[in-house]
Structure formats: C-alpha cells, structure tokens
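Trainee: Sharing a structure below in structure tokens format, with a few things to ask.
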Amino acid sequence: MTELLVLGPVEIRASGRPVGRLQPRQHHVLAALLVDANRPVTWSTLVDRVWGVDAPDGARTAMRAHVSRIRMALHLAAELSGRPVRLIRGGGGYQVQADLDQIDLHRLRRLADRARTTTGDERVRLLREAVGLWRGEPLAGLPGEWASRVRSAWQHEHLDVVAAWALAELELGNAATVTAALADLTEEHPLVESVAAAYVRALHAAGRTAEAIDRYMRVTNRLADELGVGPGTELRKAYQSILREERPPPVAPFRPAVSAGPRQLPLDVRGFVGRHDQLARLDALLADPGPLVLLRGTAGVGKTTLAVHWAHRLADRFPEGQLYLNLRGFDPVESPVQPAAAIRHCLEALDVPSRRIPTGLEAAAALYRSELAGRRMLIVLDNALDEIQVRPLLPGTPGCLTVVTSRDALAGLVAAEAAHAVDLGLLSTDEAAQLLSRRLGADRVVNEWQAVTALIESCARLPLALAIVAARAAVRPAAPLAVLAGELHQARLNVLGGDDPHTNLRAVIGHSYDALSAPAQRLFRLLGLHPGPDLAAPAAAALAALPPGGTGALLAELTGANLLTEHRPGRYTHHDLLRAYAAELVAADPDHDIARLRVLDHYLHTAYAADRRLYPARDPVSLAAPEAWVRPGSFADERAALDWFTTEQATLLTAIDHAAAHGLDTHAWQLVWTVRTVLGRRGLWSELAAVTGTALAVAVRLGDPAVQARAHHQLGTTCVRLGRLDEAERELNLGRAQFHELGNRTGEARAHHHLSYLFERRHEPEQSRAHGRQALELYRQAGHRNGEAHALNSIGWYSAQLGDEPEALASCRRALAIFEELADDHGQANTLDSLGYVHHRLGEHAAAVACFRRALALFRKLGNRYNEADTLTRLGDTLQAAGASAAARSAWQDALTILTDLRHPDVGAVRARLDP
C-alpha cells in the first residue's frame with residue numbers, strides 16, 4: 001500500500017518502506033497538496049504555502065520541477081505497492097488523487113469521525129489507531145508561516161483525539177495504559193485541559209489519587225498564573241469525581257458533558273467549502289488566552305458564514321456556552337443594535353434576571369464582565385458597525401473567545417485591545433466552483449463547466465453573489481447555466497437583485513455606501529470611471545479634483561469600510577461587482593465626463609514624463625495642457641520612470657481602450673505613443689501591436705494625416721518584430737508615402753530605417769543597406785543628428801553582413817561618436833552591439849566581447865530585455881568561437897530565459913545553439 005505521511009516528517013512509503021528521496025522543498029510541495037487531497041490546489045495557493053511572501057521570480061518554473069519529481073516518486077511507490085496515487089494538473093494548479101485512507105492526516109480524521117458513533121471496544125480500537133498515526137511534530141522541518149499554522153492546528157486535533165482515546169480506555173478499565181501514555185504528554189502541554197482532565201481521571205482510576213489531586217492543583221495554579229483563569233468545566237468535573245470517589249463517568253469523544261449555559265449559535269452552513277488557510281490561521285490564534293478575533297471583509301464575502309462555521313468547530317472547547325448576537329451594523333432594513341440593548345440581550349442569555357440589569361450602559365457592561373469572569377465561553381458578535389458598538393461587549397478577563405465580524409476595519413480594536421485581524425478576501429476560482437457544485441450538483445457543474453466559469457467571473461468570486469446565482473439556477477433545473485451566465489453578463493446587478501434586501505446585492509452594498517461620509521461617497525462613485533485594475537492616490541486625486549494629499553483620508557475611509565482594498569502598499573482596488581455598483585452611481589453624476597478627462601490626463605501626462613526620462617532623444621509630440629487639478633508625476637531618473645511603467649502598465653493599456661471607447665481619440669493615440677518605448681524594450685510586441693491598431697483606428701476617425709502616418713509607421717515597425725513581414729511592409733510604405741506628402745523628412749527617413757530592418761528579416765542585406773542609405777540622406781536633409789547616427793549604425797551593420805568590414809567599422813564608429821555626443825544610451829548600446837558583431841566577423845574575439853559586455857550593461861540599465869537577449873546570443877556565438885564553450889552556453893541560456901519569458905519567435909534559434 002502507498003502511504004502519504006504528514007503527521008511527522010513528510011514521507012512517501014510503499015509497503016512500509018520510504019521511497020522517492022525527495023528534497024525538502026519537494027516535501028513542502030507534497031504537503032501543500034496532500035492537505036487538500038482530491039481537490040485542486042491553485043498555483044497561487046501552492047506558491048503561498050511553499051514560499052509565502054519570499055516566493056522567487058521563478059517560483060512557477062521551480063514548482064513544475066518539484067511536481068515532476070514528486071510524480072516520479074509516486075509512480076515508483078505505486079510500482080512497489082500496487083496502490084496508485086495520481087498527481088494531475090488542472091483547476092488552475094495541481095491535484096493529488098488518492099484514497100483518503102492512504103494519507104495519515106485524513107485517515108486520522110476519518111477514524112475520529114467513526115469513533116464518535118461507536119462505543120466500547122470498537123471505539124477504543126478506532127481511537128488507538130488514530131493516536132498511533134501521530135509520528136512526532138507534523139511537517140517536521142518544513143519552514144514558513146503556512147507550515148507553522150497548520151502544524152499548530154493539527155496539534156490541537158491530535159490532543160483532542162488523545163483525550164477522547166484516554167476516556168474511552170478508562171471506560172474499559174485500562175487506567176494503567178492511559179497514565180503511561182499521558183504522563184509525557186501532559187508535561188509537554190500542561191495547559192491543555194482536555195488532556196489534563198483525562199490524566200487526572202486516569203491517575204485516580206489507577207489508585208494514584210494523591211498524584212491526581214496534585215496534578216489538578218498544579219494545572220489549576222498554572223492556569224491562574226499564566227492565563228489568569230480558573231479551571232474549565234471538564235477539569236473541575238474530573239476533580240469533583242475524585243472528591244466524591246466516583247468511577248470515571250462515560251464521556252463521548254469530543255463531546256464534553258453539556259453544562260448549563262446559552263447555545264445561541266445559528267445553524268452551521270451546509271456544505272461549507274474552502275477557507276482552509278483562514279481556518280488554519282484562526283485555529284492557531286487559540287494559543288492566545290482569551291483572544292479577540294476580527295473577521296473583516298467587504299459586503300457579501302462570507303464573514304458570518306466563516307465565523308459561525310468556525311464557532312461550531314470550537315463549541316466543545318467552550319462548554320459553558322456560546323453567545324451569538326447580530327449587531328446589525330450594516331443591515332439594509334433594521335438599525336444597528338445599541339450597546340445597552342446588546343448587553344441586556346447577553347445578560348438575559350446568561351440567566352441574569354431583568355430586575356438586576358442596570359439601565360445605565362457602564363453599569364450594565366460591568367455586570368456583564370462580572371458574569372463572564374472565570375467562565376470559558378464563546379462569543380460571536382456579528383455585523384459590527386464600529387468599535388463603539390463592540391467595546392462594551394468584550395469580556396474583562398481571559399478565558400472567553402470573542403469573534404467579531406465587520407465590514408469596518410475596526411482598527412481601534414487592533415491598536416487598543418490587541419485584536420487579531422483576519423481579512424477575508426474573495427473565494428479562489430476552485431472554491432467558487434466547489435460552492436456551486438455543492439448547491440447545484442457536481443454533474444451539472446462538470447457538464448456545463450464553460451458556463452460555470454463565466455458565472456464565477458461575473459460574480460467576481462463573491463460568495464453572496466455565487467449563492468444568489470446558485471439559488472436562481474436551482475429553481476430552474478432544466479435551464480442551461482449558459483442562459484443564466486448570459487443574463488448575468490448583460491446586467492449583473494439586476495440579476496443579483498431580488499425582494500429580500502439581505503440577499504439583494506445592490507441593497508447589501510448600498511448600505512455600506514450609505515454609511516460613508518459625503519466626500520468618500522463621491523470618491524467611491526468616481527472610482528467607477530477608473531479604467532484600470534487598481535490605482536494610487538495621485539490618480540484618485542485627479543478623479544476627484546483634489547490636491548495630491550487630499551485623498552489619503554478618503555481612501556482610508558473606503559478601505560476601512562471594505563469598499564476598497566489596499567492590496568499592495570499604496571495601491572487600491574475593488575472587485576468587479578463593487579466597480580459595477582460605483583459605475584451605476586457615477587453615470588448619474590454630472591461631473592463624470594470631466595472626471596474621466598482628468599484621470600486620463602493624469603495618466604497621459606505622467607506617462608509622457610516617464611517616457612521622456614527613459615528616452616530623452618526621442619522626438620517629442622505636443623500635448624494639450626492637462627485639466628485643472630491634474631498634477632502629473634515627475635521622475636528623478638530612469639529607474640523611477642521604469643518602475644512607474646511597471647506598476648501602471650495594465651492600467652495604461654486599459655486606459656487606451658477606455659479613451660477610444662469614449663471618443664477621446666487624441667488621448668488614445670497619445671497614450672499609445674507614451675507606452676511605445678517601454679513595451680518595445682520589454683519585447684511586448686503583441687501588446688504593442690494591439691494598442692497600435694487602436695491608435696490607427698482613432699487616427700482614421702480623427703482624419704489627421706500626420707497622426708495616421710505615425711500610426712501606420714508604428715504598426716509596421718511592430719509587425720516587423722512579430723515576423724508579420726508582408727503586413728509590416730504595407731504599413732511602413734503607407735506611412736512613408738504619407739510622411740512624404742506632408743513634407744516630413746524625419747518621418748520618411750524613419751520609414752526607410754525600419755524598412756532596412758524588414759529586409760534584414762528577409763535575408764536581403766543589399767536592400768537593407770540601400771534603405772539605410774536613403775534614411776541617412778533624409779536625416780541629414782532634416783538636420784536630425786540622432787537619426788543620422790541610427791542610420792550610420794544600420795549601414796555599418798548591413799555592411800558587415802555583406803562582408804564589407806572596413807565600411808562597417810567606419811560607419812559604426814561615426815555613429816557611436818554622435819550617440820556619445822548626444823548622451824543617448826540606447827543608441828550607444830545598439831551601436832556597441834553592432835561593433836561587437838563586426839569584430840566577431842574579423843576574428844577579433846576579445847574586442848567583440850568587450851563591445852558586447854558594454855552594450856549589455858546599457859541594455860540592462862534601460863530595461864531593454866529583447867535587445868539584451870539579442871546581444872547575449874551574439875556574445876555566446878563569440879565566446880564559442882573563442883573556445884570558451886561553458887561561458888557561451890551560459891550566455892545562450894540567459895538569452896533563452898528572456899526570450900521564453902517574452903514568448904518571442906527567436907526562442908527556437910537560441911535553443912538550437914544549446915541543443916545542437
């Protein structure tokens with residue numbers, strides 16, 4: 001049998017013997033998959049579990065290698081044992097498919113579940129086997145936050161199983177077995193009362209009553225000294241049984257005797273799915289005596305569902321009762337519960353007579369704290385409005401667990417009461433699919449998977465929206481899910497509405513919106529106009545026509561209300577349903593057209609400033625002055641400009657389409673102009689082709705020949721890079737003809753310059769050099785020194801290909817001198833690359849290597865990844881010719897890595913060098 005073990009060192013065993021010899025990181029990957037056996041674990045979840053915040057850039061590549069090694073080990077185990085375990089790819093990640101009894105963690109849980117429904121010898125047998133699966137510290141040796149969290153949670157499970165086993169053994173009179181097993185365990189975990197109570201009972205049953213009383217007193221004193229609480233019900237009952245000289249009473253595993261006290265938890269959610277990491281983190285918080293836990297998140301994200309589900313899992317640890325109170329802080333119908341009324345409700349639940357409850361808030365709160373002192377209770381305060389509503393309901397001494405859910409950040413409780421905040425985000429795609437599968441049936445979900453993915457996307461993976469959709473689908477069992485997906489795509493918020501205000505998404509979100517201040521409401525509405533996936537404060541300031549520092553408090557208010565998420569420091573976003581709600585609101589705002597102009601001006605003028613910093617030698621374009629209140633960003637150096645482009649790239653590309661869709665054609669083509677340099681340097685030719693096509697479309701709509709000529713030219717140069725040479729030739733010649741009619745010699749020269757590159761791709765160097773010479777003549781007529789240098793470099797390059805090395809050296813050296821005079825790093829890098837190539841052809845390998853290395857330093861400084869790869873390839877060729885094979889392979893491998901990342905067609909040529 002193949003066994004997969006995590007309750008100790010991570011291992012794969014076949015017929016009782018370890019197999020595979022996995023590396024530590026592979027053990028980590030295997031464990032991250034086994035905890036969710038038979039369910040897909042997404043890429044992002046895997047990377048987070050294995051590396052956390054320290055994930056390297058190549059995490060996915062490394063993950064594939066680790067999975068491949070694990071798959072080999074599982075295959076070997078199957079051959080040895082005849083019990084296969086599959087590791088498959090799917091669901092956006094990987095999935096281990098196995099009989100759960102093959103995995104010790106899941107077998108332990110199944111045995112414990114079966115023991116709950118049995119008695120006598122069978123119960124003992126099941127629990128003995130479960131206890132025997134524990135092999136020491138779980139996930140032994142695995143580092144990181146995830147491993148630490150689940151290790152702590154599993155240790156709690158183990159102790160619960162041990163306590164249950166001990167009580168079952170005592171029922172059969174096996175006191176000696178229990179005392180021997182619990183002696184060390186109680187020393188290791190002296191404050192775990194379930195284990196301590198079982199040990200006290202076992203000592204008494206074994207005739208060691210004095211030791212039992214001593215153990216009880218030691219645990220009691222330690223609870224008072226370290227936690228400030230008295231013994232819980234289970235431990236007190238064990239002691240009282242000694243005083244009454246009772247035989248240990250029957251106790252069902254995991255079900256302590258029910259004591260008097262409120263049991264107010266709502267029903268647990270049937271078919272609860274996902275949230276494994278959050279549950280593990282919550283379980284780990286139980287190590288803190290009397291913790292205050294905040295579950296925070298946006299409307300409809302499932303805070304109450306998780307709180308109630310977790311509370312039910314913990315209820316047995318708090319046998320003196322559970323209080324639940326819906327504070328209605330964001331209820332769409334009823335007003336928030338006042339603190340005085342909330343305390344009265346809790347005191348009445350604690351059997352305090354009405355006549356004893358003071359009318360004043362402070363006095364009532366003091367009585368509430370007195371009633372809770374020394375008790376072990378679980379308190380769930382659901383849907384809290386703010387700290388003021390919560391504070392009077394907090395216990396005054398340790399011993400109770402308090403769980404608060406809220407859309408508000410409740411930052412004051414974190415600061416003053418040391419509350420543990422657990423922020424709840426959207427479901428993963430896998431979790432969303434599981435939710436729909438539980439409610440609609442697995443067959444329906446599998447058979448209509450394409451429609452299901454569309455539903456998940458339209459619901460933005462928001463649990464409430466998915467639940468509404470599932471309910472609508474459930475009442476229409478014969479209707480294809482594709483029909484509902486189409487309706488949802490057309491009008492999401494309409495489909496997600498209804499008569500019940502608690503499940504009408506507009507009403508649920510709207511109540512959070514209504515609680516905002518007027519300025520924050522205005523900013524939230526205007527965010528519906530923002531074109532990109534996230535934004536920073538300067539873009540928000542432009543939208544709202546506020547000074548640069550004027551949005552901080554408003555963004556904080558929106559974040560605190562969970563209508564906005566600061567998903568990275570200084571970067572704000574919200575999910576698509578919140579965005580749709582904001583867009584609905586802003587459509588009626590008279591300021592929306594000018595606000596859209598302001599935010600596009602912000603991105604256009606800031607991107608223009610960044611491009612000028614990256615490529616100061618580039619011929620500028622003329623922009624209209626920005627709208628009032630827009631304060632474009634500025635950049636101290638090239639690195640700052642490049643970093644800004646990296647952060648804003650997705651937004652800039654979306655802003656181009658957004659501008660074109662709203663008839664802001666000048667903004668559209670000028671934004672394309674601003675991103676051309678950075679996209680080209682990064683080799684993002686497909687993205688550049690798409691936005692350049694947009695630029696050409698709006699140029700035609702504008703009817704401006706100069707803009708059209710530029711767009712044809714830019715599309716042609718991009719098509720050359722993509723290898724679409726016929727299209728490139730057509731576009732470049734269209735641009736050249738228009739430039740000629742306009743008398744724009746510089747534009748015409750550029751067209752010849754890029755035609756020379758096109759003919760190089762066709763392996764026609766004579767044609768290339770001819771176009772280069774035409775470009776040189778036109779640049780000189782226009783007095784364009786930078787263009788002249790580029791043309792000279794091209795002529796030198798093509799002369800080298802034609803075997804005319806003397807002209808090649810002369811042309812490239814003249815070009816380099818001009819570029820150095822103009823301080824043009826980009827031109828210098830390209831020319832040094834050409835000179836390296838010429839020296840290589842002359843057999844002057846040392847000179848070639850020196851030129852290539854100087855070019856590489858400049859390309860890396862500029863962030864020009866494609867040209868870096870191109871130069872690395874030629875450097876490798878020179879090193880190979882010089883006999884330095886190992887260094888050559890290293891250069892080619894670096895080039896291959898970059899080109900693979902860029903999805904560039906040159907990948908094959910470089911790979912052929914490595915694998916001849």
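Identifiers in the structure tokens: chain A, B, ... in order shown; residue index from 1 per chain; ligand index from 1 in order shown.
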If you count only C-alpha atoms, which residues fall within 9 Å of A:Arg854, apart from same-chain ones fewer than 5 positions away, as a ChimeraX atom specification?
Mentor: /A:829,832-833,849,859
Trainee: Within 6 Å of stretch 25-33 of chain A, counting only C-alpha atoms, which residues show up once you throw out same-chain ones fewer than 5 positions away? Write them as a tab-separated table (two decimals) with C-alpha atoms, in the first residue's frame, please.
Mentor:
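Listed below is the output, out_15.tsv:
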chain	number	residue	atom	x	y	z
A	10	VAL	CA	6.74	14.23	5.23
A	50	VAL	CA	5.55	26.75	-0.10
A	66	HIS	CA	9.25	19.79	-7.95
Trainee: A:Ala112, A:Ile12, A:Leu282, A:Cys459: which is nearest A:Ser152, counting only C-alpha atoms?
Mentor: A:Leu282
Trainee: Pull the alpha helix (DSSP H) assignments for stretch 375-564 of chain A out of DSSP run on the backbone, and list those residues as a VMD selection string.
Mentor: chain A and resid 387 to 390 411 to 417 429 to 440 442 to 447 449 to 458 463 to 474 481 to 490 492 to 495 505 to 514 518 to 526 537 to 544 552 to 560
Trainee: Which one of A:Phe759, A:Ala471, A:Thr209, A:Pro480 sits closest to A:Asn447 if you count only C-alpha atoms?
Mentor: A:Pro480
Trainee: Within 8 Å of stretch 283-301 of chain A, which residues of stretch 137-180 of chain A come that close, and what is the closest atom pair and distance in Å for each? Count only C-alpha atoms and give it as a Markdown table.
Mentor:
| residue | atom | partner | partner_atom | distance |
| --- | --- | --- | --- | --- |
| A:Arg149 | CA | A:Ala284 | CA | 5.7 |
| A:Val150 | CA | A:Ala284 | CA | 7.7 |
| A:Ser152 | CA | A:Ala284 | CA | 5.7 |
| A:Ala153 | CA | A:Asp283 | CA | 5.5 |
Trainee: Could you give me, as a PyMOL selection string, the residues within 10 Å of stretch 578-583 of chain A, counting only C-alpha atoms and dropping anything in the same chain fewer than 2 positions from it?
Mentor: chain A and resi 298-299+460+491-493+505-506+509-510+513+521-530+533+563-564+573-576+585-589+592
Trainee: If you keep C-alpha atoms, can you produce a file of those selected residues as a PDB file, in the first residue's frame?
Mentor:
ATOM      1  CA  THR A 298     -16.371  43.545   2.080  1.00  0.00           C
ATOM      2  CA  ALA A 299     -20.116  43.064   1.823  1.00  0.00           C
ATOM      3  CA  ALA A 460     -16.340  38.244  -9.073  1.00  0.00           C
ATOM      4  CA  ALA A 491     -26.848  43.079 -16.283  1.00  0.00           C
ATOM      5  CA  ARG A 492     -25.079  41.666 -13.272  1.00  0.00           C
ATOM      6  CA  LEU A 493     -26.606  43.788 -10.561  1.00  0.00           C
ATOM      7  CA  LEU A 505     -26.609  42.775  -3.819  1.00  0.00           C
ATOM      8  CA  ARG A 506     -27.428  46.405  -4.532  1.00  0.00           C
ATOM      9  CA  ILE A 509     -23.502  47.084  -0.942  1.00  0.00           C
ATOM     10  CA  GLY A 510     -25.653  50.195  -0.786  1.00  0.00           C
ATOM     11  CA  TYR A 513     -22.085  53.105   0.786  1.00  0.00           C
ATOM     12  CA  GLN A 521     -19.274  58.627  -1.304  1.00  0.00           C
ATOM     13  CA  ARG A 522     -18.262  60.996  -4.113  1.00  0.00           C
ATOM     14  CA  LEU A 523     -14.824  59.399  -4.461  1.00  0.00           C
ATOM     15  CA  PHE A 524     -16.349  55.900  -4.448  1.00  0.00           C
ATOM     16  CA  ARG A 525     -18.713  56.910  -7.272  1.00  0.00           C
ATOM     17  CA  LEU A 526     -15.884  58.429  -9.309  1.00  0.00           C
ATOM     18  CA  LEU A 527     -13.788  55.277  -8.922  1.00  0.00           C
ATOM     19  CA  GLY A 528     -16.359  53.695 -11.231  1.00  0.00           C
ATOM     20  CA  LEU A 529     -14.732  55.719 -14.024  1.00  0.00           C
ATOM     21  CA  HIS A 530     -11.214  54.491 -13.407  1.00  0.00           C
ATOM     22  CA  PRO A 533      -7.440  47.226 -12.249  1.00  0.00           C
ATOM     23  CA  LEU A 563     -15.393  49.119  -0.223  1.00  0.00           C
ATOM     24  CA  LEU A 564     -11.781  49.378  -1.354  1.00  0.00           C
ATOM     25  CA  THR A 573      -8.623  48.083  -5.886  1.00  0.00           C
ATOM     26  CA  HIS A 574     -12.125  46.668  -5.541  1.00  0.00           C
ATOM     27  CA  HIS A 575     -13.835  43.666  -7.074  1.00  0.00           C
ATOM     28  CA  ASP A 576     -15.919  43.871 -10.223  1.00  0.00           C
ATOM     29  CA  LEU A 585     -23.903  55.582  -9.369  1.00  0.00           C
ATOM     30  CA  VAL A 586     -21.439  57.732 -11.301  1.00  0.00           C
ATOM     31  CA  ALA A 587     -23.466  57.549 -14.503  1.00  0.00           C
ATOM     32  CA  ALA A 588     -25.900  59.978 -12.895  1.00  0.00           C
ATOM     33  CA  ASP A 589     -23.123  62.250 -11.606  1.00  0.00           C
ATOM     34  CA  HIS A 592     -18.449  62.198 -14.691  1.00  0.00           C
TER      35      HIS A 592
END
Trainee: Could you give me, as number ranges by chain, the residues within 12 Å of A:Gln828, counting only C-alpha atoms and dropping anything in the same chain fewer than 2 positions from it?
Mentor: A: 617, 786, 789-790, 793, 812-826, 830-835, 851-852, 854-859, 862
Trainee: Let me make sure I understand: among A:Ala737, A:Val698, A:Leu462, A:Leu722, which one has the smallest atom-to-atom distance to A:Arg903 if we use only C-alpha atoms?
Mentor: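 The shortest atom-to-atom distance to A:Arg903 comes from A:Leu722.
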Trainee: Record the distance separating atom CA of A:Ala212 and atom CA of A:Leu126, expressed in Å with one decimal.
Mentor: 27.1 Å
Trainee: Any idea what's packed within 9 Å of stretch 392-395 of chain A, counting only C-alpha atoms, ignoring anything in its chain fewer than 6 positions away? Could you give it as a list of chain:residue names?
Mentor: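 Surrounding residues, per the criterion: A:Gly290, A:Leu292, A:Pro339, A:Ala340, A:Ala342, A:Ile343, A:Cys346, A:Leu361, A:Glu362, A:Ala364, A:Ala365, A:Ala366, A:Tyr368, A:Arg369, A:Ser370, A:Leu372, A:Ala373, A:Ile379, A:Leu381, A:Leu401, A:Thr402.
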Trainee: Residues of stretch 499-580 of chain A within 10 Å of stretch 626-643 of chain A: nearest atom pair and distance (Å, one decimal) for each, counting only C-alpha atoms, sorted by chain and number, as a Markdown table?
Mentor:
| residue | atom | partner | partner_atom | distance |
| --- | --- | --- | --- | --- |
| A:Pro538 | CA | A:Arg631 | CA | 7.9 |
| A:Ala539 | CA | A:Val630 | CA | 8.8 |
| A:Ala541 | CA | A:Val630 | CA | 7.9 |
| A:Ala542 | CA | A:Val630 | CA | 5.2 |
| A:Leu543 | CA | A:Val630 | CA | 8.6 |
| A:Ala544 | CA | A:Trp629 | CA | 8.8 |
| A:Ala545 | CA | A:Trp629 | CA | 5.2 |
| A:Leu546 | CA | A:Trp629 | CA | 6.5 |
| A:Pro547 | CA | A:Trp629 | CA | 6.7 |
| A:Pro548 | CA | A:Arg631 | CA | 7.4 |
Trainee: Applying 12 Å and only C-alpha atoms, which residues near stretch 801-807 of chain A remain after dropping the ones on its own chain fewer than 6 positions away? List them as a list of chain:residue names.
Mentor: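 Surrounding residues, per the criterion: A:Glu760, A:His763, A:Glu764, A:Pro765, A:Glu766, A:Gln767, A:Ser768, A:Arg769, A:Leu792, A:Asn793, A:Ser794, A:Ile795, A:Arg813, A:Arg814, A:Ser834, A:Leu835, A:Gly836, A:Tyr837, A:Val838, A:His839, A:His840, A:Arg841, A:Leu842, A:Gly843, A:Glu844.
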Trainee: Between A:Gly302, A:Tyr798, A:Leu105, A:Tyr572, which residue has the minimum interatomic distance to A:Leu464, considering only C-alpha atoms?
Mentor: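 When distances to A:Leu464 are compared using only C-alpha atoms, the smallest one comes from A:Gly302.
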Trainee: To one decimal place, how far is atom CA of A:Gly735 from atom CA of A:Ala709 in Å?
Mentor: 4.4 Å
Trainee: Of the residues A:Ala689, A:Ala130, A:Leu872, A:Ala451, which is the one nearest to A:Ala473, using only C-alpha atoms?
Mentor: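 Smallest separation from A:Ala473 among the options: A:Ala451.
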